[in-house]
Structures are given as C-alpha cells and as structure tokens.
Number of protein chains: 2
Amino acid sequence: MTAETNTKYDLFGKLKAKPGKGDELIAILMENAQTDSPMPGCLQYLIGKDPDNEELILISEVWETKEDHANSLKLESVRAAIARAMPLLDGMPEKGIVWEVVGGLGLAS
Amino acid sequence: MTAETNTKYDLFGKLKAKPGKGDELIAILMENAQTDSPMPGCLQYLIGKDPDNEELILISEVWETKEDHANSLKLESVRAAIARAMPLLDGMPEKGIVWEVVGGLGLAS
C-alpha cells in the first residue's frame with residue numbers, strides 16, 4: 001500500500017555560495033535541521049550539493065502546511081541562521097520550486 | 001544532533017503529462033512507491049505536482065547509491081510502469097537535477 005499523504009507544501013531550492021564557502025553554508029543550514037529542536041510542521045529538510053559544483057547548495061523541504069513554513073521564518077533560530085548565511089551567498093537566492101507532494105514513500109512520519 | 005548521512009544519490013525531476021493525464025500519470029508512479037515492495041536502495045520516492053499546473057508532475061528521489069537507482073530501472077515492475085507512463089507524457093522527460101544529500105532531517109531511516 002503506498003503511503004498516501006494529504007497534500008504537503010514542498011520547496012526545492014538552490015543557494016549559490018561564494019567560492020570556498022559551500023561547506024560553511026551547509027554547516028549553517030544543518031543547524032536548522034536539528035532533530036532535537038525541529039521546526040514545527042517540518043517533515044523534511046534535506047541539504048545537499050551539486051556533485052559538479054561544490055558551491056551550489058540544494059535544499060529539499062517538506063512542510064505540513066504553507067503556514068508552517070511561513071511561521072518557521074519567524075523563529076529566532078532560523079532568522080539568526082539566515083543572517084549568518086546571507087554574507088556567504090553569491091547573489092540573491094533563486095525562488096525555489098514550490099510543489100505539492102501527493103504521496104510516495106520515505107517521508108519520516 | 002542533525003541526522004548526518006553519508007552522501008546519497010538524489011534526483012529531482014519533472015514530467016509533463018498530456019492535458020488531463022496528470023492524475024493518471026501520478027497513479028502509475030504511485031504504484032512504484034509501494035511500501036510493501038520497495039525498490040532496493042530507495043530511501044525516498046515522493047510524487048507531487050505543481051500547484052499551478054496539474055500536468056506538471058514532480059518526483060523527488062533519494063537513493064542509497066547511484067547503482068541502486070540504475071538497478072531499479074532493470075526491475076520488471078519499473079519497466080512496466082515506464083511503458084505505461086510514456087504514452088501519457090507530453091514530450092520527452094527533462095533530465096532531472098542530480099544532487100547529493102549530505103544531511104538533514106526527515107529521511108525515513
């Protein structure tokens with residue numbers, strides 16, 4: 001039986017780090033993905049990179065609702081992480097892909 | 001503590017369905033995401049759609065290794081699903097984004 005899910009709010013985004021700053025940016029993002037203080041409604045926050053470009057950081061997020069995601073941007077921890085990350089970026093972040101997961105497997109329930 | 005993962009093999013792809021065929025395509029893809037007969041090495045296979053375009057289907061896959069993904073394409077069940085899906089596509093699938101998850105939370109372990 002496939003794991004049907006009610007529609008989620010999902011983001012797939014890319015961040016371009018300044019030369020040599022990819023790993024530092026990943027480290028900051030990873031702090032947001034702490035299992036011991038998860039962001040309410042955040043079902044998934046995967047961080048990775050383009051195998052051919054160490055400075056191209058990719059983030060796949062699955063949220064219960066759009067509001068949960070919006071609320072996370074008000075959290076002090078998230079605001080602090082964004083403030084630390086911004087100087088490491090090579091230009092403004094592109095708008096990510098917004099999509100709606102309807103089902104599948106592998107989401108930690 | 002963030003869920004560190006050894007680097008995974010990840011794909012984020014889009015499929016464009018012919019008009020009115022989006023849901024039918026999703027149904028076929030969902031059969032691949034059966035929890036009771038998972039594809040070896042497949043940690044995640046999420047299916048969804050663009051909220052503004054019912055025919056634009058998105059798939060986020062996380063594999064233990066690149067080889068696991070390649071092997072899945074040899075499975076009879078997957079080959080049969082691809083054969084059923086192809087006639088529903090509006091043009092050839094775009095090459096997906098290949099990336100490497102380095103950590104985060106929300107991957108069913």
# chains A, B, ... in the order shown; residues from 1 in each chain; ligands from 1

$ interface_residues --of "chain B" --to "chain A" --cutoff "6 Å" --atoms "only C-alpha atoms" --output "list in words"
Met1, Thr2, Ala33, Gln34, Thr35, Leu43, Gln44, Tyr45, Leu46, Ile47, Gly48, Lys49, Asp50, Pro51, Trp99, Glu100, Val101, Val102, Gly103, Gly104, Leu105, Gly106, Leu107 and Ala108 of chain B

$ write_last_selection --atoms "N, CA, C and O atoms" --output "compact mmCIF listing (two decimals), in the first residue's frame"
# COMPACT_ATOMS: atom_id res chain seq x y z
N MET B 1 20.97 16.76 17.57
CA MET B 1 22.05 16.35 16.65
C MET B 1 21.40 16.18 15.27
O MET B 1 20.34 15.61 15.12
N THR B 2 21.99 16.74 14.29
CA THR B 2 21.45 16.61 12.93
C THR B 2 21.72 15.21 12.42
O THR B 2 22.73 14.62 12.75
N ALA B 33 5.87 3.37 -5.83
CA ALA B 33 6.26 3.80 -4.48
C ALA B 33 5.58 2.93 -3.43
O ALA B 33 5.24 3.36 -2.35
N GLN B 34 5.36 1.68 -3.80
CA GLN B 34 4.69 0.76 -2.87
C GLN B 34 5.57 0.50 -1.66
O GLN B 34 6.74 0.14 -1.80
N THR B 35 5.00 0.67 -0.50
CA THR B 35 5.80 0.42 0.71
C THR B 35 6.02 -1.08 0.90
O THR B 35 6.93 -1.49 1.59
N LEU B 43 15.44 5.18 -0.68
CA LEU B 43 15.11 5.72 0.65
C LEU B 43 13.91 6.65 0.58
O LEU B 43 13.25 6.93 1.57
N GLN B 44 13.68 7.16 -0.63
CA GLN B 44 12.54 8.09 -0.76
C GLN B 44 12.12 8.20 -2.21
O GLN B 44 12.96 8.20 -3.11
N TYR B 45 10.82 8.25 -2.39
CA TYR B 45 10.27 8.40 -3.75
C TYR B 45 8.97 9.19 -3.58
O TYR B 45 7.91 8.62 -3.31
N LEU B 46 9.10 10.49 -3.60
CA LEU B 46 7.94 11.36 -3.37
C LEU B 46 7.41 11.87 -4.71
O LEU B 46 8.18 12.29 -5.57
N ILE B 47 6.11 11.82 -4.85
CA ILE B 47 5.46 12.22 -6.09
C ILE B 47 4.54 13.41 -5.77
O ILE B 47 3.84 13.39 -4.76
N GLY B 48 4.56 14.39 -6.63
CA GLY B 48 3.70 15.54 -6.39
C GLY B 48 3.44 16.30 -7.67
O GLY B 48 3.76 15.83 -8.77
N LYS B 49 2.84 17.46 -7.53
CA LYS B 49 2.53 18.26 -8.72
C LYS B 49 2.73 19.74 -8.43
O LYS B 49 2.79 20.17 -7.29
N ASP B 50 2.83 20.46 -9.55
CA ASP B 50 2.94 21.92 -9.48
C ASP B 50 1.55 22.46 -9.16
O ASP B 50 0.60 22.16 -9.88
N PRO B 51 1.42 23.22 -8.06
CA PRO B 51 0.08 23.70 -7.68
C PRO B 51 -0.59 24.53 -8.76
O PRO B 51 -1.82 24.62 -8.80
N TRP B 99 21.65 15.45 -7.41
CA TRP B 99 22.37 16.12 -6.32
C TRP B 99 22.74 15.12 -5.25
O TRP B 99 22.42 13.92 -5.36
N GLU B 100 23.48 15.57 -4.25
CA GLU B 100 23.97 14.67 -3.20
C GLU B 100 23.55 15.19 -1.84
O GLU B 100 24.08 16.20 -1.38
N VAL B 101 22.62 14.51 -1.21
CA VAL B 101 22.21 14.91 0.15
C VAL B 101 23.37 14.62 1.09
O VAL B 101 23.95 13.53 1.06
N VAL B 102 23.73 15.61 1.92
CA VAL B 102 24.81 15.39 2.90
C VAL B 102 24.25 15.30 4.32
O VAL B 102 24.93 14.86 5.24
N GLY B 103 23.02 15.72 4.49
CA GLY B 103 22.45 15.61 5.84
C GLY B 103 21.10 16.30 5.91
O GLY B 103 20.56 16.76 4.90
N GLY B 104 20.58 16.35 7.12
CA GLY B 104 19.28 16.98 7.31
C GLY B 104 18.38 16.06 8.11
O GLY B 104 18.85 15.11 8.74
N LEU B 105 17.10 16.35 8.08
CA LEU B 105 16.18 15.51 8.84
C LEU B 105 14.99 15.13 7.98
O LEU B 105 14.71 15.77 6.98
N GLY B 106 14.35 14.02 8.36
CA GLY B 106 13.12 13.65 7.68
C GLY B 106 13.25 12.52 6.69
O GLY B 106 12.30 12.17 6.01
N LEU B 107 14.42 11.92 6.62
CA LEU B 107 14.54 10.76 5.76
C LEU B 107 14.18 9.55 6.61
O LEU B 107 14.78 9.35 7.67
N ALA B 108 13.20 8.78 6.16
CA ALA B 108 12.86 7.57 6.91
C ALA B 108 14.12 6.71 6.92
O ALA B 108 14.65 6.39 5.86

$ calpha_fit_and_write --fixed "chain A" --moving "chain B" --output "PDB file with C-alpha atoms, in the first residue's frame"
ATOM      1  CA  MET B   1       0.050   0.080  -0.002  1.00  0.00           C
ATOM      2  CA  THR B   2       1.569   3.405  -0.976  1.00  0.00           C
ATOM      3  CA  ALA B   3       1.903   5.985   1.737  1.00  0.00           C
ATOM      4  CA  GLU B   4      -0.846   8.335   0.661  1.00  0.00           C
ATOM      5  CA  THR B   5      -0.360  11.768   2.202  1.00  0.00           C
ATOM      6  CA  ASN B   6      -2.676  14.715   2.272  1.00  0.00           C
ATOM      7  CA  THR B   7      -1.014  17.306   0.103  1.00  0.00           C
ATOM      8  CA  LYS B   8       2.074  18.824   1.662  1.00  0.00           C
ATOM      9  CA  TYR B   9       3.832  22.103   0.982  1.00  0.00           C
ATOM     10  CA  ASP B  10       7.189  21.446  -0.582  1.00  0.00           C
ATOM     11  CA  LEU B  11      10.115  23.534  -1.639  1.00  0.00           C
ATOM     12  CA  PHE B  12      13.121  22.602  -3.718  1.00  0.00           C
ATOM     13  CA  GLY B  13      15.643  25.404  -3.745  1.00  0.00           C
ATOM     14  CA  LYS B  14      19.191  26.237  -4.691  1.00  0.00           C
ATOM     15  CA  LEU B  15      21.663  28.553  -2.943  1.00  0.00           C
ATOM     16  CA  LYS B  16      24.886  29.646  -4.613  1.00  0.00           C
ATOM     17  CA  ALA B  17      27.752  30.075  -2.134  1.00  0.00           C
ATOM     18  CA  LYS B  18      30.723  32.341  -2.691  1.00  0.00           C
ATOM     19  CA  PRO B  19      33.844  30.441  -3.805  1.00  0.00           C
ATOM     20  CA  GLY B  20      35.100  28.217  -0.993  1.00  0.00           C
ATOM     21  CA  LYS B  21      32.071  28.916   1.209  1.00  0.00           C
ATOM     22  CA  GLY B  22      29.911  25.902   0.253  1.00  0.00           C
ATOM     23  CA  ASP B  23      30.764  23.752   3.268  1.00  0.00           C
ATOM     24  CA  GLU B  24      30.394  26.674   5.675  1.00  0.00           C
ATOM     25  CA  LEU B  25      26.926  27.387   4.263  1.00  0.00           C
ATOM     26  CA  ILE B  26      25.965  23.720   4.564  1.00  0.00           C
ATOM     27  CA  ALA B  27      27.070  23.720   8.219  1.00  0.00           C
ATOM     28  CA  ILE B  28      24.762  26.657   8.998  1.00  0.00           C
ATOM     29  CA  LEU B  29      21.829  25.024   7.199  1.00  0.00           C
ATOM     30  CA  MET B  30      22.451  21.783   9.052  1.00  0.00           C
ATOM     31  CA  GLU B  31      21.996  23.587  12.351  1.00  0.00           C
ATOM     32  CA  ASN B  32      18.436  24.305  11.195  1.00  0.00           C
ATOM     33  CA  ALA B  33      17.891  20.638  10.605  1.00  0.00           C
ATOM     34  CA  GLN B  34      18.444  19.704  14.226  1.00  0.00           C
ATOM     35  CA  THR B  35      16.464  16.626  15.124  1.00  0.00           C
ATOM     36  CA  ASP B  36      16.285  17.754  18.750  1.00  0.00           C
ATOM     37  CA  SER B  37      14.613  21.105  18.059  1.00  0.00           C
ATOM     38  CA  PRO B  38      12.657  20.564  14.865  1.00  0.00           C
ATOM     39  CA  MET B  39      10.764  23.421  13.246  1.00  0.00           C
ATOM     40  CA  PRO B  40       7.031  22.818  13.836  1.00  0.00           C
ATOM     41  CA  GLY B  41       5.396  21.240  10.771  1.00  0.00           C
ATOM     42  CA  CYS B  42       8.728  20.483   9.117  1.00  0.00           C
ATOM     43  CA  LEU B  43       8.569  16.893   7.886  1.00  0.00           C
ATOM     44  CA  GLN B  44      11.790  17.074   5.939  1.00  0.00           C
ATOM     45  CA  TYR B  45      14.736  19.388   5.488  1.00  0.00           C
ATOM     46  CA  LEU B  46      17.402  17.765   3.343  1.00  0.00           C
ATOM     47  CA  ILE B  47      20.583  19.627   2.487  1.00  0.00           C
ATOM     48  CA  GLY B  48      22.936  18.642  -0.282  1.00  0.00           C
ATOM     49  CA  LYS B  49      25.107  19.850  -3.115  1.00  0.00           C
ATOM     50  CA  ASP B  50      25.566  19.611  -6.835  1.00  0.00           C
ATOM     51  CA  PRO B  51      28.183  16.885  -7.399  1.00  0.00           C
ATOM     52  CA  ASP B  52      29.755  19.026 -10.118  1.00  0.00           C
ATOM     53  CA  ASN B  53      29.667  22.332  -8.250  1.00  0.00           C
ATOM     54  CA  GLU B  54      30.664  22.462  -4.572  1.00  0.00           C
ATOM     55  CA  GLU B  55      29.206  25.955  -4.250  1.00  0.00           C
ATOM     56  CA  LEU B  56      25.719  25.032  -5.465  1.00  0.00           C
ATOM     57  CA  ILE B  57      23.781  23.994  -2.357  1.00  0.00           C
ATOM     58  CA  LEU B  58      20.371  22.354  -2.716  1.00  0.00           C
ATOM     59  CA  ILE B  59      17.622  22.095  -0.145  1.00  0.00           C
ATOM     60  CA  SER B  60      14.532  19.897  -0.265  1.00  0.00           C
ATOM     61  CA  GLU B  61      11.866  20.814   2.256  1.00  0.00           C
ATOM     62  CA  VAL B  62       8.549  19.137   3.048  1.00  0.00           C
ATOM     63  CA  TRP B  63       6.156  21.014   5.299  1.00  0.00           C
ATOM     64  CA  GLU B  64       2.793  19.998   6.661  1.00  0.00           C
ATOM     65  CA  THR B  65       1.386  23.356   5.506  1.00  0.00           C
ATOM     66  CA  LYS B  66       2.429  26.604   3.841  1.00  0.00           C
ATOM     67  CA  GLU B  67       1.708  28.380   7.132  1.00  0.00           C
ATOM     68  CA  ASP B  68       4.135  26.123   8.987  1.00  0.00           C
ATOM     69  CA  HIS B  69       6.846  27.155   6.567  1.00  0.00           C
ATOM     70  CA  ALA B  70       5.963  30.846   6.886  1.00  0.00           C
ATOM     71  CA  ASN B  71       5.973  30.563  10.698  1.00  0.00           C
ATOM     72  CA  SER B  72       9.409  28.947  10.656  1.00  0.00           C
ATOM     73  CA  LEU B  73      10.843  32.113   9.147  1.00  0.00           C
ATOM     74  CA  LYS B  74       9.793  33.938  12.328  1.00  0.00           C
ATOM     75  CA  LEU B  75      11.741  31.600  14.610  1.00  0.00           C
ATOM     76  CA  GLU B  76      14.746  33.287  16.245  1.00  0.00           C
ATOM     77  CA  SER B  77      16.977  30.307  15.383  1.00  0.00           C
ATOM     78  CA  VAL B  78      16.013  30.472  11.696  1.00  0.00           C
ATOM     79  CA  ARG B  79      16.356  34.249  11.498  1.00  0.00           C
ATOM     80  CA  ALA B  80      19.816  34.004  13.076  1.00  0.00           C
ATOM     81  CA  ALA B  81      20.844  31.282  10.610  1.00  0.00           C
ATOM     82  CA  ILE B  82      19.644  33.344   7.642  1.00  0.00           C
ATOM     83  CA  ALA B  83      21.608  36.356   8.919  1.00  0.00           C
ATOM     84  CA  ARG B  84      24.765  34.216   9.137  1.00  0.00           C
ATOM     85  CA  ALA B  85      24.167  32.600   5.752  1.00  0.00           C
ATOM     86  CA  MET B  86      23.450  35.722   3.687  1.00  0.00           C
ATOM     87  CA  PRO B  87      27.070  37.020   3.610  1.00  0.00           C
ATOM     88  CA  LEU B  88      28.180  33.629   2.243  1.00  0.00           C
ATOM     89  CA  LEU B  89      25.813  33.783  -0.741  1.00  0.00           C
ATOM     90  CA  ASP B  90      26.931  34.684  -4.245  1.00  0.00           C
ATOM     91  CA  GLY B  91      23.920  36.772  -5.210  1.00  0.00           C
ATOM     92  CA  MET B  92      20.320  36.565  -4.046  1.00  0.00           C
ATOM     93  CA  PRO B  93      18.780  33.093  -3.739  1.00  0.00           C
ATOM     94  CA  GLU B  94      16.684  31.949  -6.705  1.00  0.00           C
ATOM     95  CA  LYS B  95      12.997  31.419  -5.969  1.00  0.00           C
ATOM     96  CA  GLY B  96      12.696  27.715  -5.256  1.00  0.00           C
ATOM     97  CA  ILE B  97      10.286  25.284  -6.886  1.00  0.00           C
ATOM     98  CA  VAL B  98       7.032  25.133  -4.900  1.00  0.00           C
ATOM     99  CA  TRP B  99       5.225  21.834  -5.294  1.00  0.00           C
ATOM    100  CA  GLU B 100       2.683  19.599  -3.573  1.00  0.00           C
ATOM    101  CA  VAL B 101       3.602  16.057  -2.592  1.00  0.00           C
ATOM    102  CA  VAL B 102       0.550  13.805  -3.008  1.00  0.00           C
ATOM    103  CA  GLY B 103       2.133  10.544  -1.962  1.00  0.00           C
ATOM    104  CA  GLY B 104       5.057   8.195  -2.138  1.00  0.00           C
ATOM    105  CA  LEU B 105       7.375   6.601   0.356  1.00  0.00           C
ATOM    106  CA  GLY B 106      10.225   7.659   2.560  1.00  0.00           C
ATOM    107  CA  LEU B 107       8.810  10.545   4.490  1.00  0.00           C
ATOM    108  CA  ALA B 108       9.551  10.062   8.170  1.00  0.00           C
ATOM    109  CA  SER B 109       5.997  10.017   9.553  1.00  0.00           C
TER     110      SER B 109
END

$ select_by_dssp --residues "stretch 7-102 of chain B" --states "alpha helix (DSSP H)" --output "VMD selection string"
chain B and resid 22 to 32 66 to 72 76 to 85

$ select_by_dssp --residues "stretch 12-86 of chain A" --states "strand (DSSP E)" --output "number ranges by chain"
A: 12-16, 42-50, 53-63
